[in-house]
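All remarks here apply to the structure that follows.
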Amino acid sequence: MSEFNLGQSLKGVPKFLNLNTISAGTLAAIFGCTGPALIVIGGAASGGLTHQQAISWLFAIYFFGGLLGIYLALKYRQPIAGAYSIPGAVLVAGALTQFSLNEAAGAYFVAGVLVLILGVTGLIGKIMRWIPLPIVMGMIVGAMIRFGTGMITSIEAAPLIAGSAVVVYLLSSRYLKKVPPIVSAFVVSMIVALLLNQFKMGDIESGFITPQLVMPSFSLDAIVSIAIPLALLVIGAENAQATGVLMAQGYKPPVNAMTVWSGIGGMITSFFGGHNANIAGPMTAICSSQEAGEKKEGRYVAVIVNGTLFASFGLFAGVVVPFVSAMPGVLVATVAGLAMIGVLLSSLQAAFSDSKFQIGAFFALIIAMSGVSFFSVSSPFWAIIGGVIVSLIIEKSHFSNKSEEAKRDETTAVEVV
């Protein structure tokens, strides 16, 4: 994008900074800064890291993840949110029991290099143009349906908190047209949770902590155990989900550029003990949904809000972690489920409205829903692989037109990193 267009993006921020974009960006940040942050803290504890090292890990993935989202949102005027791989955090937490933090940091750096190479060569963009859209959309539904089911199970676990959020969301959608229903639902459920005394402060110490530099050291065992599966997670889970939801909302995501910057983000965070900073699937879904505004061209501002909050959370992680950990999980799960309704509906329609690739899309959906993990790589990656294989076996004739479309796209599309 040229400097002129970047200037236009900046000029558009005040224009599109409204209740919709602020609420969507804030809700995406609340989702990303609560449960996922606790996963990182738990992983750091199980991996034997000190509290200072854990906070440095949080700083790296949130601060640089937030900046990544802001940069890409301004550059492409699309709601491309930056964060980190949650499954990747689980993967490296187990590996930290076998390798030193320096060896793990070396593996993080190598993973970033691998992702960068895949983006620079344009290989990922070519692959995504060849994969049938219904299969990608089926994967999106399967990977993100847990947000919808999580909303329902939250009602069972905490009927007053979760139930009030759902009821207010429905009533607000019907009667309060000027107020985003997700905002009403969040505010009311927060009040209910406070009245029920459901905010529990933990024992985690609070205070500003300076991020620590970590010098990577390179171990072949660590590279094989961490770098390769982590790179596959970034490409096959996070980036693929984000690309899919953007396509479902009618955007043309810069796939190669998203991959390149995910690789660069992973290389930078490794020097602070962070496993990566890449494109975020769930946060992109929230910021690109209809909840972020009717005008699609302005939804990128939701990512500006989200990225600012993410970066601030990273800078002050040592101070704010105890407070975000106090928020009831059922509240976050319910609001996240409500925010995903539009994404799930559009993805379902894109997956099964066409007569082509239906069986492949169905298998992609159920594989992603299953949550299976092979070779430390999570289900979204295998959903795409499985869906394509099934379609090649049963729906091979559908690929003839797809190949012609991919060739046309490849000759006409010009992507600037």
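Ordering of the structure tokens sets the chain letters (A, B, ...), residue numbers begin anew at 1 in every chain, and ligands are numbered from 1 in the order given.
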Name all residues at most 10 Å from A:Asn18 (count only C-alpha atoms; drop same-chain ones fewer than 6 positions away) and give them as a compact mmCIF listing (two decimals) with N, CA and C atoms, in the first residue's frame.
# COMPACT_ATOMS: atom_id res chain seq x y z
N ALA A 292 -18.83 -5.34 14.28
CA ALA A 292 -17.88 -4.22 14.16
C ALA A 292 -18.38 -3.12 13.25
N GLY A 293 -19.62 -3.23 12.78
CA GLY A 293 -20.20 -2.18 11.96
C GLY A 293 -20.74 -2.68 10.64
N GLY A 298 -14.85 0.02 7.17
CA GLY A 298 -14.42 0.67 8.39
C GLY A 298 -14.09 -0.27 9.54
N VAL A 301 -10.80 -0.45 11.84
CA VAL A 301 -10.58 0.39 13.02
C VAL A 301 -10.78 -0.42 14.30
N ALA A 302 -11.62 -1.47 14.25
CA ALA A 302 -11.77 -2.34 15.42
C ALA A 302 -10.44 -3.00 15.79
For stretch 260-362 of chain A versus stretch 169-176 of chain A, which residues have an atom no more than 12 Å away, and what is each residue's nearest atom pair and distance in Å rounded to one decimal, using only C-alpha atoms, chain-then-number order, as a Markdown table?
| residue | atom | partner | partner_atom | distance |
| --- | --- | --- | --- | --- |
| A:Glu291 | CA | A:Ser173 | CA | 10.9 |
| A:Thr334 | CA | A:Tyr169 | CA | 10.6 |
| A:Val335 | CA | A:Tyr169 | CA | 9.4 |
| A:Gly337 | CA | A:Tyr169 | CA | 11.3 |
| A:Leu338 | CA | A:Tyr169 | CA | 7.9 |
| A:Ala339 | CA | A:Tyr169 | CA | 10.1 |
| A:Ile341 | CA | A:Tyr169 | CA | 11.4 |
Hey, can you spit out that residue selection with N, CA and C atoms as a compact mmCIF listing (two decimals), in the first residue's frame?
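What follows is the written file selection39.txt:
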# COMPACT_ATOMS: atom_id res chain seq x y z
N GLU A 291 -20.73 -7.25 13.97
CA GLU A 291 -20.74 -6.51 15.23
C GLU A 291 -19.81 -5.30 15.19
N THR A 334 -19.37 -16.59 27.08
CA THR A 334 -20.69 -16.23 26.55
C THR A 334 -20.61 -15.08 25.57
N VAL A 335 -19.89 -14.03 25.95
CA VAL A 335 -19.76 -12.86 25.07
C VAL A 335 -19.02 -13.23 23.79
N GLY A 337 -19.03 -16.15 22.34
CA GLY A 337 -19.97 -16.91 21.52
C GLY A 337 -20.96 -16.01 20.80
N LEU A 338 -21.46 -14.99 21.50
CA LEU A 338 -22.39 -14.05 20.87
C LEU A 338 -21.69 -13.27 19.75
N ALA A 339 -20.44 -12.90 19.97
CA ALA A 339 -19.71 -12.14 18.96
C ALA A 339 -19.42 -12.96 17.71
N ILE A 341 -21.49 -15.15 16.27
CA ILE A 341 -22.69 -15.60 15.56
C ILE A 341 -22.63 -15.24 14.08
At what distance in Å, to one decimal, does atom CA of A:Leu345 lie from atom CA of A:Ser289?
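Interatomic distance here is 10.3 Å.
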Using only C-alpha atoms, which protein or nucleic acid residues come within 10 Å of stretch 87-99 of chain A? Drop anything in the same chain fewer than 5 positions from it, and give the result as a PyMOL selection string.
chain A and resi 36-37+39-49+104-105+107-108+219+221-222+225-227+229-234+237-238+274-276+376-378
From a DSSP pass on the backbone, collect the residues of stretch 102-343 of chain A flagged as helix (DSSP H, G or I) and hand them back as a PDB file with C-alpha atoms, in the first residue's frame.
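Here's the written file out.pdb:
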ATOM      1  CA  ASN A 102      17.390 -20.210  25.451  1.00  0.00           C
ATOM      2  CA  GLU A 103      17.030 -23.400  23.392  1.00  0.00           C
ATOM      3  CA  ALA A 104      13.284 -22.817  23.158  1.00  0.00           C
ATOM      4  CA  ALA A 105      13.903 -19.227  22.033  1.00  0.00           C
ATOM      5  CA  GLY A 106      16.215 -20.546  19.310  1.00  0.00           C
ATOM      6  CA  ALA A 107      13.433 -22.848  18.133  1.00  0.00           C
ATOM      7  CA  TYR A 108      10.948 -19.942  18.167  1.00  0.00           C
ATOM      8  CA  PHE A 109      13.336 -17.962  15.975  1.00  0.00           C
ATOM      9  CA  VAL A 110      13.701 -20.836  13.508  1.00  0.00           C
ATOM     10  CA  ALA A 111       9.909 -21.233  13.378  1.00  0.00           C
ATOM     11  CA  GLY A 112       9.654 -17.553  12.460  1.00  0.00           C
ATOM     12  CA  VAL A 113      12.247 -18.008   9.728  1.00  0.00           C
ATOM     13  CA  LEU A 114      10.308 -20.967   8.284  1.00  0.00           C
ATOM     14  CA  VAL A 115       7.069 -18.990   8.219  1.00  0.00           C
ATOM     15  CA  LEU A 116       8.863 -16.002   6.682  1.00  0.00           C
ATOM     16  CA  ILE A 117      10.299 -18.151   3.883  1.00  0.00           C
ATOM     17  CA  LEU A 118       6.871 -19.595   3.074  1.00  0.00           C
ATOM     18  CA  GLY A 119       5.486 -16.067   2.820  1.00  0.00           C
ATOM     19  CA  VAL A 120       8.332 -14.567   0.783  1.00  0.00           C
ATOM     20  CA  LEU A 123       3.879 -20.577  -1.667  1.00  0.00           C
ATOM     21  CA  ILE A 124       1.143 -20.033   0.936  1.00  0.00           C
ATOM     22  CA  GLY A 125      -0.759 -17.652  -1.321  1.00  0.00           C
ATOM     23  CA  LYS A 126      -0.680 -20.168  -4.176  1.00  0.00           C
ATOM     24  CA  ILE A 127      -1.866 -22.978  -1.914  1.00  0.00           C
ATOM     25  CA  MET A 128      -4.738 -20.900  -0.491  1.00  0.00           C
ATOM     26  CA  ARG A 129      -5.878 -19.957  -4.006  1.00  0.00           C
ATOM     27  CA  TRP A 130      -5.981 -23.633  -4.924  1.00  0.00           C
ATOM     28  CA  LEU A 133     -13.431 -22.082  -0.531  1.00  0.00           C
ATOM     29  CA  PRO A 134     -16.180 -24.402   0.835  1.00  0.00           C
ATOM     30  CA  ILE A 135     -13.491 -26.555   2.485  1.00  0.00           C
ATOM     31  CA  VAL A 136     -11.864 -23.512   4.094  1.00  0.00           C
ATOM     32  CA  MET A 137     -15.265 -22.311   5.312  1.00  0.00           C
ATOM     33  CA  GLY A 138     -16.106 -25.772   6.662  1.00  0.00           C
ATOM     34  CA  MET A 139     -12.855 -25.673   8.640  1.00  0.00           C
ATOM     35  CA  ILE A 140     -13.745 -22.223  10.011  1.00  0.00           C
ATOM     36  CA  VAL A 141     -17.134 -23.429  11.251  1.00  0.00           C
ATOM     37  CA  GLY A 142     -15.642 -26.541  12.818  1.00  0.00           C
ATOM     38  CA  ALA A 143     -12.795 -24.670  14.495  1.00  0.00           C
ATOM     39  CA  MET A 144     -14.971 -21.877  15.862  1.00  0.00           C
ATOM     40  CA  ILE A 145     -18.199 -23.707  16.690  1.00  0.00           C
ATOM     41  CA  ARG A 146     -16.740 -24.216  20.164  1.00  0.00           C
ATOM     42  CA  PHE A 147     -17.461 -20.552  20.826  1.00  0.00           C
ATOM     43  CA  GLY A 148     -21.129 -21.184  20.130  1.00  0.00           C
ATOM     44  CA  THR A 149     -21.301 -24.355  22.192  1.00  0.00           C
ATOM     45  CA  GLY A 150     -19.259 -22.657  24.927  1.00  0.00           C
ATOM     46  CA  MET A 151     -21.976 -20.040  25.171  1.00  0.00           C
ATOM     47  CA  ILE A 152     -24.598 -22.736  25.765  1.00  0.00           C
ATOM     48  CA  THR A 153     -22.548 -24.679  28.316  1.00  0.00           C
ATOM     49  CA  SER A 154     -21.875 -21.395  30.124  1.00  0.00           C
ATOM     50  CA  ILE A 155     -25.640 -20.994  30.584  1.00  0.00           C
ATOM     51  CA  GLU A 156     -25.672 -24.392  32.275  1.00  0.00           C
ATOM     52  CA  ALA A 157     -22.706 -23.497  34.487  1.00  0.00           C
ATOM     53  CA  PRO A 159     -27.408 -19.387  34.293  1.00  0.00           C
ATOM     54  CA  LEU A 160     -27.727 -15.883  35.725  1.00  0.00           C
ATOM     55  CA  ILE A 161     -24.524 -14.467  34.225  1.00  0.00           C
ATOM     56  CA  ALA A 162     -24.583 -16.226  30.861  1.00  0.00           C
ATOM     57  CA  GLY A 163     -28.359 -16.298  30.583  1.00  0.00           C
ATOM     58  CA  SER A 164     -28.658 -12.562  31.172  1.00  0.00           C
ATOM     59  CA  ALA A 165     -26.081 -11.916  28.432  1.00  0.00           C
ATOM     60  CA  VAL A 166     -28.000 -14.011  25.881  1.00  0.00           C
ATOM     61  CA  VAL A 167     -31.418 -12.572  26.794  1.00  0.00           C
ATOM     62  CA  VAL A 168     -30.158  -8.983  26.679  1.00  0.00           C
ATOM     63  CA  TYR A 169     -28.412  -9.661  23.364  1.00  0.00           C
ATOM     64  CA  LEU A 170     -31.648 -10.923  21.811  1.00  0.00           C
ATOM     65  CA  LEU A 171     -33.795  -8.106  23.208  1.00  0.00           C
ATOM     66  CA  SER A 172     -31.224  -5.483  22.266  1.00  0.00           C
ATOM     67  CA  SER A 173     -31.061  -6.849  18.709  1.00  0.00           C
ATOM     68  CA  ARG A 174     -34.826  -6.434  18.469  1.00  0.00           C
ATOM     69  CA  TYR A 175     -35.464  -3.146  20.266  1.00  0.00           C
ATOM     70  CA  PRO A 181     -26.313  -5.808  21.094  1.00  0.00           C
ATOM     71  CA  ILE A 182     -22.989  -7.291  22.141  1.00  0.00           C
ATOM     72  CA  VAL A 183     -22.272  -4.133  24.180  1.00  0.00           C
ATOM     73  CA  SER A 184     -25.588  -4.328  26.016  1.00  0.00           C
ATOM     74  CA  ALA A 185     -25.055  -8.022  26.703  1.00  0.00           C
ATOM     75  CA  PHE A 186     -21.537  -7.473  28.033  1.00  0.00           C
ATOM     76  CA  VAL A 187     -22.467  -4.555  30.303  1.00  0.00           C
ATOM     77  CA  VAL A 188     -25.464  -6.317  31.838  1.00  0.00           C
ATOM     78  CA  SER A 189     -23.612  -9.610  32.389  1.00  0.00           C
ATOM     79  CA  MET A 190     -20.720  -7.692  33.999  1.00  0.00           C
ATOM     80  CA  ILE A 191     -23.135  -6.033  36.403  1.00  0.00           C
ATOM     81  CA  VAL A 192     -24.749  -9.375  37.230  1.00  0.00           C
ATOM     82  CA  ALA A 193     -21.330 -10.966  37.841  1.00  0.00           C
ATOM     83  CA  LEU A 194     -20.330  -8.098  40.144  1.00  0.00           C
ATOM     84  CA  LEU A 195     -23.580  -8.363  42.099  1.00  0.00           C
ATOM     85  CA  LEU A 220      18.539 -29.648  16.670  1.00  0.00           C
ATOM     86  CA  ASP A 221      16.267 -31.524  19.064  1.00  0.00           C
ATOM     87  CA  ALA A 222      14.494 -28.294  20.055  1.00  0.00           C
ATOM     88  CA  ILE A 223      14.117 -27.262  16.422  1.00  0.00           C
ATOM     89  CA  VAL A 224      12.528 -30.592  15.507  1.00  0.00           C
ATOM     90  CA  SER A 225      10.328 -30.700  18.617  1.00  0.00           C
ATOM     91  CA  ILE A 226       9.237 -27.042  18.685  1.00  0.00           C
ATOM     92  CA  ALA A 227      10.095 -25.060  15.535  1.00  0.00           C
ATOM     93  CA  ILE A 228       8.512 -27.280  12.883  1.00  0.00           C
ATOM     94  CA  PRO A 229       5.172 -27.945  14.643  1.00  0.00           C
ATOM     95  CA  LEU A 230       4.985 -24.300  15.782  1.00  0.00           C
ATOM     96  CA  ALA A 231       5.445 -23.065  12.206  1.00  0.00           C
ATOM     97  CA  LEU A 232       2.721 -25.458  11.047  1.00  0.00           C
ATOM     98  CA  LEU A 233       0.392 -24.154  13.764  1.00  0.00           C
ATOM     99  CA  VAL A 234       0.950 -20.549  12.720  1.00  0.00           C
ATOM    100  CA  ILE A 235       0.288 -21.352   9.060  1.00  0.00           C
ATOM    101  CA  GLY A 236      -2.285 -24.129   9.330  1.00  0.00           C
ATOM    102  CA  ALA A 237      -4.315 -22.868  12.276  1.00  0.00           C
ATOM    103  CA  GLU A 238      -4.081 -19.137  12.981  1.00  0.00           C
ATOM    104  CA  ASN A 239      -3.368 -17.742   9.507  1.00  0.00           C
ATOM    105  CA  ALA A 240      -5.712 -20.192   7.808  1.00  0.00           C
ATOM    106  CA  GLN A 241      -8.548 -19.314  10.195  1.00  0.00           C
ATOM    107  CA  ALA A 242      -7.986 -15.570   9.799  1.00  0.00           C
ATOM    108  CA  THR A 243      -7.824 -15.893   6.021  1.00  0.00           C
ATOM    109  CA  GLY A 244     -11.015 -17.937   6.013  1.00  0.00           C
ATOM    110  CA  VAL A 245     -13.046 -15.541   8.145  1.00  0.00           C
ATOM    111  CA  LEU A 246     -11.870 -12.541   6.116  1.00  0.00           C
ATOM    112  CA  MET A 247     -12.926 -14.303   2.919  1.00  0.00           C
ATOM    113  CA  ALA A 248     -16.267 -15.195   4.503  1.00  0.00           C
ATOM    114  CA  VAL A 255      -2.217 -14.043   2.353  1.00  0.00           C
ATOM    115  CA  ASN A 256       1.481 -13.849   1.546  1.00  0.00           C
ATOM    116  CA  ALA A 257       1.973 -10.579   3.429  1.00  0.00           C
ATOM    117  CA  MET A 258       0.124 -11.980   6.447  1.00  0.00           C
ATOM    118  CA  THR A 259       2.493 -14.947   6.384  1.00  0.00           C
ATOM    119  CA  VAL A 260       5.610 -12.806   5.985  1.00  0.00           C
ATOM    120  CA  TRP A 261       4.744 -10.605   8.946  1.00  0.00           C
ATOM    121  CA  SER A 262       3.789 -13.608  11.061  1.00  0.00           C
ATOM    122  CA  GLY A 263       7.294 -14.927  10.442  1.00  0.00           C
ATOM    123  CA  ILE A 264       8.915 -11.615  11.321  1.00  0.00           C
ATOM    124  CA  GLY A 265       6.776 -11.402  14.452  1.00  0.00           C
ATOM    125  CA  GLY A 266       7.936 -14.844  15.561  1.00  0.00           C
ATOM    126  CA  MET A 267      11.582 -13.900  15.068  1.00  0.00           C
ATOM    127  CA  ILE A 268      11.257 -10.692  17.116  1.00  0.00           C
ATOM    128  CA  THR A 269       9.362 -12.240  20.042  1.00  0.00           C
ATOM    129  CA  SER A 270      11.938 -15.016  20.389  1.00  0.00           C
ATOM    130  CA  PHE A 271      14.400 -12.483  21.864  1.00  0.00           C
ATOM    131  CA  PHE A 272      12.011 -11.933  24.771  1.00  0.00           C
ATOM    132  CA  GLY A 281      -7.919 -16.285  14.013  1.00  0.00           C
ATOM    133  CA  PRO A 282     -10.528 -15.629  16.759  1.00  0.00           C
ATOM    134  CA  MET A 283      -9.690 -11.930  17.192  1.00  0.00           C
ATOM    135  CA  THR A 284      -9.834 -11.377  13.430  1.00  0.00           C
ATOM    136  CA  ALA A 285     -13.220 -13.091  13.429  1.00  0.00           C
ATOM    137  CA  ILE A 286     -14.608 -10.745  16.085  1.00  0.00           C
ATOM    138  CA  CYS A 287     -13.180  -7.595  14.492  1.00  0.00           C
ATOM    139  CA  SER A 288     -14.369  -8.543  10.987  1.00  0.00           C
ATOM    140  CA  GLN A 290     -21.024  -7.466  11.562  1.00  0.00           C
ATOM    141  CA  GLU A 291     -20.742  -6.513  15.232  1.00  0.00           C
ATOM    142  CA  ALA A 292     -17.876  -4.224  14.158  1.00  0.00           C
ATOM    143  CA  LYS A 296     -17.027  -3.361   5.973  1.00  0.00           C
ATOM    144  CA  GLU A 297     -14.519  -0.737   4.861  1.00  0.00           C
ATOM    145  CA  GLY A 298     -14.420   0.671   8.391  1.00  0.00           C
ATOM    146  CA  TYR A 300     -10.258  -2.275  10.327  1.00  0.00           C
ATOM    147  CA  VAL A 301     -10.577   0.387  13.023  1.00  0.00           C
ATOM    148  CA  ALA A 302     -11.771  -2.343  15.422  1.00  0.00           C
ATOM    149  CA  VAL A 303      -8.311  -3.892  15.023  1.00  0.00           C
ATOM    150  CA  ILE A 304      -6.708  -0.519  15.844  1.00  0.00           C
ATOM    151  CA  VAL A 305      -8.649  -0.565  19.130  1.00  0.00           C
ATOM    152  CA  ASN A 306      -7.825  -4.227  19.732  1.00  0.00           C
ATOM    153  CA  GLY A 307      -4.135  -3.768  18.900  1.00  0.00           C
ATOM    154  CA  THR A 308      -3.816  -0.728  21.165  1.00  0.00           C
ATOM    155  CA  LEU A 309      -5.319  -2.651  24.085  1.00  0.00           C
ATOM    156  CA  PHE A 310      -3.164  -5.704  23.313  1.00  0.00           C
ATOM    157  CA  ALA A 311       0.036  -3.660  23.205  1.00  0.00           C
ATOM    158  CA  SER A 312      -0.905  -1.895  26.449  1.00  0.00           C
ATOM    159  CA  PHE A 313      -1.641  -5.230  28.096  1.00  0.00           C
ATOM    160  CA  GLY A 314       1.797  -6.455  27.045  1.00  0.00           C
ATOM    161  CA  LEU A 315       3.550  -3.377  28.410  1.00  0.00           C
ATOM    162  CA  ALA A 317       1.262  -7.337  31.971  1.00  0.00           C
ATOM    163  CA  GLY A 318       2.794  -7.518  35.431  1.00  0.00           C
ATOM    164  CA  VAL A 319       0.238  -5.027  36.719  1.00  0.00           C
ATOM    165  CA  VAL A 320      -2.965  -6.095  34.956  1.00  0.00           C
ATOM    166  CA  VAL A 321      -2.734  -9.908  34.908  1.00  0.00           C
ATOM    167  CA  PRO A 322      -4.275 -10.336  38.390  1.00  0.00           C
ATOM    168  CA  PHE A 323      -7.229  -8.174  37.405  1.00  0.00           C
ATOM    169  CA  VAL A 324      -8.052  -9.873  34.095  1.00  0.00           C
ATOM    170  CA  GLY A 329     -14.660 -17.429  32.515  1.00  0.00           C
ATOM    171  CA  VAL A 330     -18.349 -18.006  31.778  1.00  0.00           C
ATOM    172  CA  LEU A 331     -18.808 -14.296  31.085  1.00  0.00           C
ATOM    173  CA  VAL A 332     -15.946 -14.235  28.568  1.00  0.00           C
ATOM    174  CA  ALA A 333     -17.120 -17.476  26.932  1.00  0.00           C
ATOM    175  CA  THR A 334     -20.686 -16.233  26.552  1.00  0.00           C
ATOM    176  CA  VAL A 335     -19.765 -12.858  25.070  1.00  0.00           C
ATOM    177  CA  ALA A 336     -17.267 -14.508  22.708  1.00  0.00           C
ATOM    178  CA  GLY A 337     -19.971 -16.909  21.525  1.00  0.00           C
ATOM    179  CA  LEU A 338     -22.386 -14.053  20.867  1.00  0.00           C
ATOM    180  CA  ALA A 339     -19.705 -12.141  18.959  1.00  0.00           C
ATOM    181  CA  ILE A 341     -22.689 -15.605  15.564  1.00  0.00           C
ATOM    182  CA  GLY A 342     -22.269 -13.568  12.393  1.00  0.00           C
ATOM    183  CA  VAL A 343     -18.982 -15.240  11.458  1.00  0.00           C
TER     184      VAL A 343
END
Skip A:Leu19 itself and residues of its chain fewer than 3 positions away, then list as a PDB file with N, CA and C atoms, in the first residue's frame all residues within 8 Å of it, counting only C-alpha atoms.
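Contents of around-v1.pdb, as written:
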ATOM      1  N   ILE A  22     -15.329   0.253  18.493  1.00  0.00           N
ATOM      2  CA  ILE A  22     -14.731   0.258  19.832  1.00  0.00           C
ATOM      3  C   ILE A  22     -15.159  -0.976  20.615  1.00  0.00           C
ATOM      4  N   SER A  23     -16.450  -1.317  20.535  1.00  0.00           N
ATOM      5  CA  SER A  23     -16.937  -2.478  21.289  1.00  0.00           C
ATOM      6  C   SER A  23     -16.362  -3.779  20.746  1.00  0.00           C
ATOM      7  N   VAL A 179     -27.692   0.668  19.491  1.00  0.00           N
ATOM      8  CA  VAL A 179     -26.658   0.164  20.393  1.00  0.00           C
ATOM      9  C   VAL A 179     -26.271  -1.246  19.961  1.00  0.00           C
ATOM     10  N   PRO A 180     -24.982  -1.511  19.710  1.00  0.00           N
ATOM     11  CA  PRO A 180     -24.575  -2.877  19.356  1.00  0.00           C
ATOM     12  C   PRO A 180     -25.032  -3.861  20.437  1.00  0.00           C
TER      13      PRO A 180
END
